[in-house]
file final_15.txt (compact mmCIF, C-alpha atoms and all ligand atoms)
# COMPACT_ATOMS: atom_id res chain seq x y z
CA MET Q 581 7.59 23.47 -10.74
CA SER Q 582 8.07 23.12 -14.49
CA VAL Q 583 6.83 20.26 -16.65
CA LEU Q 584 8.80 18.90 -19.60
CA ARG Q 585 7.20 19.30 -23.05
CA PRO Q 586 5.87 18.24 -25.47
CA LEU Q 587 2.51 17.12 -24.14
CA ASN Q 588 0.43 15.64 -26.94
CA ASP Q 589 -2.96 15.91 -25.23
CA PRO Q 590 -4.69 19.26 -24.60
CA ALA Q 591 -6.05 17.91 -21.29
CA LEU Q 592 -2.50 17.27 -20.06
CA GLU Q 593 -1.45 20.74 -21.19
CA ARG Q 594 -4.21 22.21 -19.00
CA ILE Q 595 -3.03 20.11 -16.04
CA ALA Q 596 0.58 21.19 -16.61
CA ALA Q 597 -0.51 24.83 -16.53
CA LYS Q 598 -2.24 24.22 -13.20
CA LEU Q 599 0.80 22.51 -11.74
CA GLU Q 600 3.06 25.32 -12.89
CA ALA Q 601 0.69 27.84 -11.32
CA GLY Q 602 0.64 25.91 -8.04
CA GLU Q 603 -3.06 25.09 -8.36
CA ARG Q 604 -4.58 21.97 -6.88
CA LEU Q 605 -5.80 19.35 -9.35
CA ASP Q 606 -9.40 18.16 -9.27
CA ARG Q 607 -11.48 15.08 -10.04
CA ASP Q 608 -11.70 15.87 -13.78
CA ASP Q 609 -7.91 16.15 -13.95
CA GLY Q 610 -7.57 12.69 -12.41
CA LEU Q 611 -10.01 11.26 -14.96
CA ALA Q 612 -8.13 12.96 -17.79
CA VAL Q 613 -4.85 11.38 -16.66
CA LEU Q 614 -6.40 7.90 -16.48
CA ALA Q 615 -7.83 8.27 -19.99
CA SER Q 616 -5.05 10.18 -21.72
CA PRO Q 617 -3.61 8.66 -24.91
CA ASP Q 618 -0.33 10.49 -24.22
CA LEU Q 619 1.33 8.02 -21.85
CA ILE Q 620 4.71 9.75 -21.98
CA GLY Q 621 3.00 13.08 -21.22
CA VAL Q 622 1.27 11.51 -18.21
CA GLY Q 623 4.68 10.39 -16.98
CA ARG Q 624 6.13 13.86 -17.51
CA LEU Q 625 3.44 15.45 -15.32
CA ALA Q 626 3.73 12.94 -12.49
CA ASN Q 627 7.52 12.89 -12.67
CA ALA Q 628 7.64 16.67 -12.28
CA VAL Q 629 5.61 16.38 -9.06
CA LYS Q 630 7.66 13.45 -7.78
CA GLU Q 631 10.97 15.21 -8.38
CA ALA Q 632 9.71 18.43 -6.76
CA ARG Q 633 8.92 16.37 -3.64
CA SER Q 634 11.75 13.87 -3.37
CA GLY Q 635 14.31 14.87 -5.98
CA PRO Q 636 16.18 11.97 -7.59
CA TYR Q 637 15.60 9.53 -4.73
CA ALA Q 638 13.73 6.24 -4.63
CA PHE Q 639 13.12 4.40 -1.38
CA PHE Q 640 13.20 0.77 -0.42
CA VAL Q 641 13.16 -1.18 2.84
CA LEU Q 642 14.62 -4.47 3.98
CA ASN Q 643 11.38 -5.99 5.17
CA ARG Q 644 9.65 -9.24 5.75
CA GLN Q 645 5.99 -9.92 5.09
CA ILE Q 646 4.32 -12.31 7.53
CA ASN Q 647 0.77 -13.59 7.08
CA PRO Q 648 0.23 -15.63 10.27
CA THR Q 649 -2.96 -17.33 9.09
CA ASN Q 650 -5.22 -17.46 6.06
CA VAL Q 651 -8.19 -18.65 8.09
CA CYS Q 652 -10.81 -15.94 7.83
CA VAL Q 653 -14.40 -15.59 8.98
CA ILE Q 654 -15.22 -13.45 5.94
CA SER Q 655 -15.42 -14.47 2.29
CA CYS Q 656 -14.57 -11.54 0.01
CA LYS Q 657 -15.24 -12.39 -3.63
CA PHE Q 658 -11.92 -11.05 -4.86
CA CYS Q 659 -9.82 -12.94 -2.30
CA ASP Q 660 -7.98 -16.15 -3.17
CA PHE Q 661 -5.92 -16.08 0.02
CA ALA Q 662 -8.54 -16.82 2.67
CA ALA Q 663 -9.62 -20.32 3.73
CA LYS Q 664 -12.04 -21.74 6.25
CA ALA Q 665 -10.83 -23.73 9.26
CA GLY Q 666 -10.47 -27.36 8.16
CA ASP Q 667 -9.90 -26.58 4.48
CA ASP Q 668 -6.92 -28.37 2.91
CA ASP Q 669 -5.17 -25.09 2.26
CA ALA Q 670 -5.92 -23.52 5.66
CA TYR Q 671 -2.83 -22.74 7.74
CA GLU Q 672 -1.97 -21.25 11.12
CA MET Q 673 1.61 -20.32 11.92
CA THR Q 674 2.86 -21.01 15.40
CA MET Q 675 4.55 -18.25 17.37
CA ASP Q 676 7.89 -20.00 16.82
CA GLU Q 677 7.30 -20.08 13.06
CA ILE Q 678 6.51 -16.36 13.09
CA LEU Q 679 9.56 -15.48 15.17
CA GLU Q 680 11.85 -17.58 13.03
CA LYS Q 681 11.00 -15.26 10.13
CA VAL Q 682 11.84 -12.02 11.92
CA ARG Q 683 15.31 -12.99 13.12
CA GLU Q 684 16.97 -11.42 10.09
CA PRO Q 685 18.70 -8.10 9.43
CA ILE Q 686 15.46 -6.34 8.44
CA HIS Q 687 14.01 -2.96 9.36
CA GLU Q 688 10.30 -3.62 8.93
CA VAL Q 689 7.97 -6.49 9.72
CA HIS Q 690 4.74 -6.29 7.70
CA LEU Q 691 2.17 -8.36 9.58
CA VAL Q 692 -1.34 -8.94 8.17
CA GLY Q 693 -3.59 -11.97 7.91
CA GLY Q 694 -7.06 -13.46 7.91
CA LEU Q 695 -9.69 -12.78 10.58
CA HIS Q 696 -9.21 -15.94 12.62
CA PRO Q 697 -12.37 -17.30 14.28
CA THR Q 698 -10.81 -18.35 17.61
CA TRP Q 699 -7.52 -16.50 18.20
CA PRO Q 700 -8.09 -14.00 21.03
CA PHE Q 701 -6.99 -10.38 20.83
CA GLU Q 702 -4.37 -11.07 23.52
CA TYR Q 703 -2.63 -13.47 21.10
CA TYR Q 704 -2.05 -10.63 18.62
CA GLU Q 705 -0.68 -8.44 21.41
CA GLU Q 706 1.68 -11.24 22.38
CA MET Q 707 2.68 -11.62 18.73
CA LEU Q 708 3.80 -7.98 18.64
CA ARG Q 709 5.66 -8.24 21.95
CA ALA Q 710 7.42 -11.41 20.85
CA ILE Q 711 8.43 -9.91 17.49
CA ARG Q 712 9.79 -6.84 19.24
CA ARG Q 713 11.83 -9.01 21.62
CA ALA Q 714 13.09 -11.21 18.77
CA ASN Q 715 14.20 -8.28 16.61
CA PRO Q 716 14.28 -4.92 18.40
CA ALA Q 717 15.76 -3.23 15.30
CA ALA Q 718 12.73 -4.00 13.13
CA GLN Q 719 9.75 -1.67 13.20
CA ILE Q 720 6.36 -3.32 13.11
CA LYS Q 721 3.76 -2.34 10.51
CA ALA Q 722 0.77 -4.43 11.46
CA PHE Q 723 -2.95 -5.02 11.06
CA THR Q 724 -5.28 -3.40 8.55
CA ALA Q 725 -8.28 -1.35 9.60
CA VAL Q 726 -10.36 -4.48 8.93
CA GLU Q 727 -8.32 -6.41 11.50
CA ILE Q 728 -8.48 -3.53 13.99
CA GLU Q 729 -12.28 -3.48 13.79
CA PHE Q 730 -12.36 -7.28 14.13
CA PHE Q 731 -10.18 -7.11 17.27
CA SER Q 732 -12.53 -4.52 18.71
CA LYS Q 733 -15.46 -6.92 18.17
CA ILE Q 734 -13.80 -10.08 19.53
CA ALA Q 735 -12.33 -8.30 22.57
CA LYS Q 736 -15.48 -6.23 23.10
CA ILE Q 737 -13.47 -3.04 23.49
CA SER Q 738 -13.39 0.21 21.53
CA VAL Q 739 -11.19 0.79 18.48
CA ASP Q 740 -9.35 3.39 20.57
CA GLU Q 741 -8.50 0.81 23.18
CA VAL Q 742 -7.43 -1.71 20.54
CA LEU Q 743 -5.04 0.86 19.07
CA ASP Q 744 -3.66 1.87 22.48
CA ARG Q 745 -3.01 -1.73 23.45
CA LEU Q 746 -1.37 -2.57 20.13
CA VAL Q 747 0.94 0.43 20.41
CA ALA Q 748 1.81 -0.60 23.97
CA ALA Q 749 2.62 -4.07 22.61
CA GLY Q 750 4.95 -2.72 19.91
CA LEU Q 751 2.95 -1.56 16.87
CA ASP Q 752 4.73 1.26 15.02
CA THR Q 753 2.63 1.89 11.92
CA MET Q 754 -0.39 0.44 10.13
CA PRO Q 755 -0.54 -0.89 6.57
CA GLY Q 756 -3.12 0.41 4.13
CA GLY Q 757 -4.95 -2.78 3.18
CA GLY Q 758 -8.67 -3.39 3.38
CA ALA Q 759 -9.56 -0.12 1.69
CA GLU Q 760 -10.28 -1.89 -1.65
CA VAL Q 761 -12.38 0.72 -3.53
CA PHE Q 762 -14.37 3.39 -1.69
CA SER Q 763 -17.59 2.69 -3.56
CA ASP Q 764 -20.88 1.34 -2.23
CA ARG Q 765 -21.42 -0.43 -5.56
CA ILE Q 766 -18.13 -2.34 -5.32
CA HIS Q 767 -18.60 -2.96 -1.62
CA ASP Q 768 -22.00 -4.58 -2.21
CA ALA Q 769 -20.73 -6.60 -5.15
CA LEU Q 770 -17.41 -7.89 -3.77
CA TYR Q 771 -17.07 -7.62 -0.01
CA ARG Q 772 -20.44 -7.01 1.53
CA GLU Q 773 -19.45 -8.62 4.87
CA LYS Q 774 -16.46 -6.34 5.33
CA MET Q 775 -16.25 -2.68 6.33
CA GLY Q 776 -16.85 -0.01 3.71
CA ALA Q 777 -15.25 3.36 3.09
CA GLU Q 778 -16.72 5.19 6.06
CA LYS Q 779 -15.44 2.76 8.68
CA TRP Q 780 -12.02 2.36 7.03
CA LEU Q 781 -11.53 6.12 6.99
CA GLU Q 782 -12.82 6.43 10.56
CA ILE Q 783 -10.28 3.90 11.86
CA HIS Q 784 -7.38 5.56 10.06
CA ARG Q 785 -8.55 8.92 11.41
CA ALA Q 786 -8.54 7.43 14.92
CA ALA Q 787 -5.03 6.04 14.38
CA HIS Q 788 -3.76 9.40 13.12
CA ALA Q 789 -5.27 11.13 16.16
CA LYS Q 790 -3.05 8.91 18.31
CA GLY Q 791 0.04 9.69 16.26
CA ILE Q 792 0.06 6.32 14.50
CA ARG Q 793 1.21 6.86 10.92
CA THR Q 794 -0.65 4.70 8.39
CA ASN Q 795 -0.64 3.83 4.71
CA ALA Q 796 -3.46 3.68 2.19
CA THR Q 797 -4.24 1.44 -0.77
CA LEU Q 798 -6.59 1.09 -3.74
CA LEU Q 799 -7.36 -2.30 -5.28
CA TYR Q 800 -7.62 -1.56 -9.00
CA GLY Q 801 -8.01 -3.54 -12.19
CA HIS Q 802 -11.24 -5.44 -11.53
CA ILE Q 803 -14.82 -4.16 -11.89
CA GLU Q 804 -14.20 -0.59 -10.75
CA THR Q 805 -14.56 2.40 -13.07
CA HIS Q 806 -12.12 5.26 -13.51
CA GLU Q 807 -14.61 7.48 -11.69
CA GLU Q 808 -14.57 5.14 -8.70
CA ARG Q 809 -10.77 5.10 -8.65
CA VAL Q 810 -10.61 8.89 -8.68
CA ASP Q 811 -13.32 9.26 -6.04
CA HIS Q 812 -11.31 6.91 -3.84
CA LEU Q 813 -8.25 9.13 -4.21
CA MET Q 814 -10.24 12.26 -3.43
CA LEU Q 815 -11.59 10.76 -0.18
CA LEU Q 816 -8.05 9.87 0.88
CA ARG Q 817 -6.86 13.36 0.04
CA ASP Q 818 -9.65 14.87 2.14
CA LEU Q 819 -8.70 12.78 5.18
CA GLN Q 820 -5.03 13.60 4.71
CA ASP Q 821 -5.91 17.32 4.60
CA ASP Q 822 -7.49 16.86 8.03
CA THR Q 823 -4.91 14.64 9.72
CA GLY Q 824 -1.64 14.48 7.77
CA GLY Q 825 -1.24 10.94 9.11
CA PHE Q 826 -0.73 8.97 5.90
CA ILE Q 827 2.82 8.15 4.87
CA SER Q 828 2.38 6.44 1.53
CA PHE Q 829 -0.22 5.43 -0.99
CA ILE Q 830 0.00 2.06 -2.72
CA PRO Q 831 -2.15 1.18 -5.75
CA LEU Q 832 -2.57 -2.61 -5.61
CA GLU Q 833 -3.09 -4.35 -8.93
CA PHE Q 834 -5.84 -6.96 -8.71
CA GLN Q 835 -4.59 -10.51 -9.31
CA LEU Q 836 -7.07 -12.63 -11.25
CA GLY Q 837 -6.53 -15.90 -9.38
CA TYR Q 838 -9.61 -18.13 -9.55
CA THR Q 839 -12.10 -15.34 -8.93
CA ASN Q 840 -13.42 -15.01 -12.51
CA LEU Q 841 -14.14 -11.36 -11.80
CA VAL Q 842 -12.55 -10.07 -14.99
CA ALA Q 843 -11.06 -11.69 -18.05
CA ARG Q 844 -7.56 -10.30 -17.86
CA GLN Q 845 -5.05 -8.61 -15.63
CA ALA Q 846 -4.74 -4.81 -15.72
CA SER Q 847 -2.19 -3.75 -18.31
CA ALA Q 848 1.18 -2.22 -17.52
CA VAL Q 849 -0.06 1.02 -19.09
CA ASP Q 850 -3.10 1.08 -16.82
CA GLY Q 851 -0.84 0.53 -13.82
CA LEU Q 852 1.46 3.38 -14.84
CA ARG Q 853 -1.47 5.75 -15.42
CA THR Q 854 -2.85 4.82 -11.98
CA ILE Q 855 0.48 5.51 -10.29
CA ALA Q 856 0.66 8.85 -12.10
CA ALA Q 857 -2.92 9.86 -11.26
CA SER Q 858 -2.21 9.00 -7.62
CA ARG Q 859 0.93 11.15 -7.51
CA LEU Q 860 -0.87 14.02 -9.17
CA LEU Q 861 -4.07 14.00 -7.11
CA LEU Q 862 -2.58 13.02 -3.74
CA ASP Q 863 -0.55 16.19 -3.44
CA ASN Q 864 -0.53 15.83 0.35
CA PHE Q 865 0.84 12.27 0.47
CA PRO Q 866 4.59 12.13 1.01
CA HIS Q 867 5.13 8.91 -0.93
CA ILE Q 868 3.63 6.83 -3.74
CA LYS Q 869 4.66 3.21 -3.82
CA ALA Q 870 5.05 0.94 -6.85
CA TYR Q 871 4.44 -2.43 -5.21
CA TRP Q 872 6.57 -4.74 -7.33
CA VAL Q 873 4.92 -7.89 -5.93
CA MET Q 874 1.75 -7.07 -7.89
CA MET Q 875 3.01 -4.79 -10.69
CA THR Q 876 6.07 -6.97 -11.39
CA PRO Q 877 9.57 -5.60 -10.80
CA LYS Q 878 9.86 -4.48 -14.43
CA VAL Q 879 6.73 -2.30 -14.39
CA ALA Q 880 7.55 -1.03 -10.88
CA GLN Q 881 10.96 -0.01 -12.22
CA ILE Q 882 9.33 2.10 -14.95
CA ALA Q 883 6.81 3.49 -12.43
CA GLN Q 884 9.69 5.38 -10.86
CA ARG Q 885 9.36 7.70 -13.88
CA PHE Q 886 5.57 7.94 -13.46
CA GLY Q 887 5.44 9.40 -9.96
CA ALA Q 888 6.44 6.51 -7.69
CA ASP Q 889 9.27 7.13 -5.25
CA ASP Q 890 9.23 3.82 -3.39
CA LEU Q 891 9.51 0.17 -4.43
CA ASP Q 892 8.56 -1.34 -1.04
CA GLY Q 893 11.19 -3.91 -0.17
CA THR Q 894 12.64 -7.34 -0.02
CA VAL Q 895 9.31 -8.85 1.25
CA VAL Q 896 10.94 -12.34 1.23
CA GLU Q 897 7.75 -14.34 1.37
CA GLU Q 898 4.31 -13.07 0.42
CA LYS Q 899 1.24 -15.27 0.47
CA ILE Q 900 -1.84 -13.09 -0.07
CA TYR Q 901 -1.20 -12.07 -3.68
CA HIS Q 902 0.73 -15.19 -4.62
CA ASP Q 903 -2.24 -17.32 -3.56
CA ALA Q 904 -4.21 -15.11 -5.97
CA GLY Q 905 -1.88 -16.00 -8.81
CA ALA Q 906 0.86 -13.36 -8.66
CA THR Q 907 3.74 -14.83 -10.67
CA THR Q 908 6.44 -12.53 -9.32
CA SER Q 909 9.13 -14.01 -7.11
CA GLN Q 910 8.42 -14.20 -3.37
CA GLY Q 911 11.20 -11.78 -2.54
CA LEU Q 912 13.93 -9.59 -3.95
CA ARG Q 913 17.44 -9.26 -2.63
CA ARG Q 914 18.78 -5.87 -1.60
CA GLU Q 915 21.14 -5.88 -4.60
CA GLU Q 916 18.23 -6.46 -6.99
CA LEU Q 917 16.30 -3.53 -5.53
CA LEU Q 918 19.37 -1.31 -5.85
CA ARG Q 919 19.71 -2.37 -9.48
CA LEU Q 920 16.03 -1.71 -10.26
CA ILE Q 921 16.36 1.77 -8.80
CA ARG Q 922 19.71 2.72 -10.30
CA GLU Q 923 18.80 1.48 -13.77
CA ALA Q 924 15.82 3.86 -13.67
CA GLY Q 925 18.21 6.72 -13.02
CA ARG Q 926 17.24 7.13 -9.37
CA ASP Q 927 19.39 7.30 -6.26
CA PRO Q 928 18.41 4.53 -3.83
CA VAL Q 929 17.65 5.36 -0.21
CA GLU Q 930 17.23 2.48 2.18
CA ARG Q 931 14.55 3.45 4.70
CA ASP Q 932 12.70 2.25 7.77
CA THR Q 933 8.92 2.03 8.00
CA LEU Q 934 8.67 5.80 8.66
CA TYR Q 935 10.88 6.58 5.66
CA ARG Q 936 13.80 7.60 7.83
CA PRO Q 937 17.03 6.77 6.01
CA ILE Q 938 19.07 3.84 7.22
CA GLN Q 939 22.61 5.05 7.48
CA ARG Q 940 24.38 3.53 4.55
CA GLU Q 941 26.47 5.29 1.95
CA GLU Q 942 23.54 5.91 -0.42
CA ALA Q 943 21.30 7.42 2.26
CA THR Q 944 22.12 11.12 2.32
CA PHE Q 945 19.14 13.15 1.12
CA THR Q 946 16.46 15.74 1.70
CA VAL Q 947 12.78 15.28 0.79
CA LEU Q 948 9.59 17.15 1.51
CA ALA Q 949 7.66 15.47 4.33
S1 LIG Q 1001 -9.71 -9.99 1.82
FE1 LIG Q 1001 -9.17 -10.15 4.00
S2 LIG Q 1001 -11.17 -10.13 5.05
FE2 LIG Q 1001 -11.59 -10.61 2.89
S3 LIG Q 1001 -11.61 -12.86 2.81
FE3 LIG Q 1001 -9.52 -12.21 2.27
S4 LIG Q 1001 -8.40 -12.26 4.22
FE4 LIG Q 1001 -10.60 -12.29 4.75

call {"tool": "encode", "arguments": {"input": "final_15.txt", "output": "structure tokens", "more": "lines below"}}
Ligand code: SF4
result
Amino acid sequence: MSVLRPLNDPALERIAAKLEAGERLDRDDGLAVLASPDLIGVGRLANAVKEARSGPYAFFVLNRQINPTNVCVISCKFCDFAAKAGDDDAYEMTMDEILEKVREPIHEVHLVGGLHPTWPFEYYEEMLRAIRRANPAAQIKAFTAVEIEFFSKIAKISVDEVLDRLVAAGLDTMPGGGAEVFSDRIHDALYREKMGAEKWLEIHRAAHAKGIRTNATLLYGHIETHEERVDHLMLLRDLQDDTGGFISFIPLEFQLGYTNLVARQASAVDGLRTIAASRLLLDNFPHIKAYWVMMTPKVAQIAQRFGADDLDGTVVEEKIYHDAGATTSQGLRREELLRLIREAGRDPVERDTLYRPIQREEATFTVLA
């Protein structure tokens, strides 16, 4: 691999030498990338890695996000989505309302929601079966590790059994939410009632052992430090070394909403550095996603030159981050995604949830798995 020059930061020059020698980057390298004043140089490093993995291609998926309820038994301090039963803004979608949303020409249903106090585990199994029947062509990416653990508690069965039953009902892959930041300090400050790093990693390890491919996230841009971001990435890299079960990593930009956690939204530059640090440190992750819903389509477009090789998809209707104040549109049309990708000089590849190309004219490619 060769890295374009010039690099106007000696720390980046050291990292480039490591990349060119095939050496693995370490924690200090990740911190240097997050702090480097040479933004273009950061992009050059991450872009070299991205292009060595997936050439000129950028992925997208025709998908639909469904959040069946915002009623949640937990109250995380950073969350503007959740409500308590009886609140004015509480909602519960009926099965018909859910199914109405999946009867479209999509290839992925992304299903996540609040931890509902009375819905039984069997209802979620039925949800998967009904979605599969309603749209057999769509793969189902459903339920964060937090939801999986919750199902195990309400059904009084093991996590293994939860996963087996969900797969039998139609689950294809798992999203990466609920990871937040792998830091005891942040856990205690923001989401004490919810699982921490150890449990999240344990559940993804269990999923990988069953052949369920999963995704991973980091919620950045609130009270976390650069050290905590990098430590999070290193823990994910360690698990991926063991299992190889992660498909993509998605840095999620914190939306301020009404939380009063921080004074302002993370900057575009911070988002681009975070994408780049992720691509550089997570050398065993096939894909890095620029999630346009939170980064905005414009920054996600630029992120394709900072290590990202995926823009997620059409989404159509997203409630979790829009309830937290995201001002992006609820969805993008296929043509808009193609434009965002092509304008960045990338070749678009429409994919399914496992990153297999959908057979259209633009989908002829080879990437490293
Ligand atoms: S982040 Fe998830 S678990 Fe926490 S309050 Fe919001 S919906 Fe509930």

call {"tool": "closest_residue", "arguments": {"input": "final_15.txt", "among": "Q:Lys736, Q:Arg709, Q:His784, Q:Arg931", "to": "Ala749 in chain Q", "atoms": "all atoms listed in the file"}}
result
Q:Arg709

call {"tool": "residues_near_ligand", "arguments": {"input": "final_15.txt", "ligand": "ligand LIG 1001 (chain Q)", "cutoff": "12 Å", "atoms": "only C-alpha atoms and all ligand atoms", "output": "PyMOL selection string"}}
result
chain Q and resi 647-664+670+692-697+723-730+757-760+767+770-776+799+834+839+899-901+903-904

call {"tool": "atom_distance", "arguments": {"input": "final_15.txt", "atom1": "CA of Thr854 in chain Q", "atom2": "CA of Leu625 in chain Q"}}
result
12.8 Å

call {"tool": "closest_residue", "arguments": {"input": "final_15.txt", "among": "Q:Arg885, Q:Arg793, Q:Lys630, Q:Arg624", "to": "Asp863 in chain Q", "atoms": "all atoms listed in the file"}}
result
Q:Lys630

call {"tool": "closest_residue", "arguments": {"input": "final_15.txt", "among": "Q:Gln881, Q:Ser828, Q:Ser616, Q:Gln845", "to": "Ser858 in chain Q", "atoms": "all atoms listed in the file"}}
result
Q:Ser828

call {"tool": "closest_residue", "arguments": {"input": "final_15.txt", "among": "Q:Ala796, Q:Ile803, Q:Leu587, Q:Ile686", "to": "Leu619 in chain Q", "atoms": "all atoms listed in the file"}}
result
Q:Leu587

call {"tool": "residues_around", "arguments": {"input": "final_15.txt", "residues": "range 932-939 of chain Q", "least_positions_apart": "4", "cutoff": "12 Å", "atoms": "all atoms listed in the file", "output": "ChimeraX atom specification"}}
result
/Q:634,637-644,686-690,717-722,751-755,792-795,825-828,866-869,889-890,892-893,928,943-949

call {"tool": "write_last_selection", "arguments": {"input": "final_15.txt", "atoms": "C-alpha atoms", "output": "PDB file, keeping the file's coordinate frame"}}
result
ATOM      1  CA  SER Q 634      11.750  13.870  -3.370  1.00  0.00           C
ATOM      2  CA  TYR Q 637      15.600   9.530  -4.730  1.00  0.00           C
ATOM      3  CA  ALA Q 638      13.730   6.240  -4.630  1.00  0.00           C
ATOM      4  CA  PHE Q 639      13.120   4.400  -1.380  1.00  0.00           C
ATOM      5  CA  PHE Q 640      13.200   0.770  -0.420  1.00  0.00           C
ATOM      6  CA  VAL Q 641      13.160  -1.180   2.840  1.00  0.00           C
ATOM      7  CA  LEU Q 642      14.620  -4.470   3.980  1.00  0.00           C
ATOM      8  CA  ASN Q 643      11.380  -5.990   5.170  1.00  0.00           C
ATOM      9  CA  ARG Q 644       9.650  -9.240   5.750  1.00  0.00           C
ATOM     10  CA  ILE Q 686      15.460  -6.340   8.440  1.00  0.00           C
ATOM     11  CA  HIS Q 687      14.010  -2.960   9.360  1.00  0.00           C
ATOM     12  CA  GLU Q 688      10.300  -3.620   8.930  1.00  0.00           C
ATOM     13  CA  VAL Q 689       7.970  -6.490   9.720  1.00  0.00           C
ATOM     14  CA  HIS Q 690       4.740  -6.290   7.700  1.00  0.00           C
ATOM     15  CA  ALA Q 717      15.760  -3.230  15.300  1.00  0.00           C
ATOM     16  CA  ALA Q 718      12.730  -4.000  13.130  1.00  0.00           C
ATOM     17  CA  GLN Q 719       9.750  -1.670  13.200  1.00  0.00           C
ATOM     18  CA  ILE Q 720       6.360  -3.320  13.110  1.00  0.00           C
ATOM     19  CA  LYS Q 721       3.760  -2.340  10.510  1.00  0.00           C
ATOM     20  CA  ALA Q 722       0.770  -4.430  11.460  1.00  0.00           C
ATOM     21  CA  LEU Q 751       2.950  -1.560  16.870  1.00  0.00           C
ATOM     22  CA  ASP Q 752       4.730   1.260  15.020  1.00  0.00           C
ATOM     23  CA  THR Q 753       2.630   1.890  11.920  1.00  0.00           C
ATOM     24  CA  MET Q 754      -0.390   0.440  10.130  1.00  0.00           C
ATOM     25  CA  PRO Q 755      -0.540  -0.890   6.570  1.00  0.00           C
ATOM     26  CA  ILE Q 792       0.060   6.320  14.500  1.00  0.00           C
ATOM     27  CA  ARG Q 793       1.210   6.860  10.920  1.00  0.00           C
ATOM     28  CA  THR Q 794      -0.650   4.700   8.390  1.00  0.00           C
ATOM     29  CA  ASN Q 795      -0.640   3.830   4.710  1.00  0.00           C
ATOM     30  CA  GLY Q 825      -1.240  10.940   9.110  1.00  0.00           C
ATOM     31  CA  PHE Q 826      -0.730   8.970   5.900  1.00  0.00           C
ATOM     32  CA  ILE Q 827       2.820   8.150   4.870  1.00  0.00           C
ATOM     33  CA  SER Q 828       2.380   6.440   1.530  1.00  0.00           C
ATOM     34  CA  PRO Q 866       4.590  12.130   1.010  1.00  0.00           C
ATOM     35  CA  HIS Q 867       5.130   8.910  -0.930  1.00  0.00           C
ATOM     36  CA  ILE Q 868       3.630   6.830  -3.740  1.00  0.00           C
ATOM     37  CA  LYS Q 869       4.660   3.210  -3.820  1.00  0.00           C
ATOM     38  CA  ASP Q 889       9.270   7.130  -5.250  1.00  0.00           C
ATOM     39  CA  ASP Q 890       9.230   3.820  -3.390  1.00  0.00           C
ATOM     40  CA  ASP Q 892       8.560  -1.340  -1.040  1.00  0.00           C
ATOM     41  CA  GLY Q 893      11.190  -3.910  -0.170  1.00  0.00           C
ATOM     42  CA  PRO Q 928      18.410   4.530  -3.830  1.00  0.00           C
ATOM     43  CA  ALA Q 943      21.300   7.420   2.260  1.00  0.00           C
ATOM     44  CA  THR Q 944      22.120  11.120   2.320  1.00  0.00           C
ATOM     45  CA  PHE Q 945      19.140  13.150   1.120  1.00  0.00           C
ATOM     46  CA  THR Q 946      16.460  15.740   1.700  1.00  0.00           C
ATOM     47  CA  VAL Q 947      12.780  15.280   0.790  1.00  0.00           C
ATOM     48  CA  LEU Q 948       9.590  17.150   1.510  1.00  0.00           C
ATOM     49  CA  ALA Q 949       7.660  15.470   4.330  1.00  0.00           C
TER      50      ALA Q 949
END
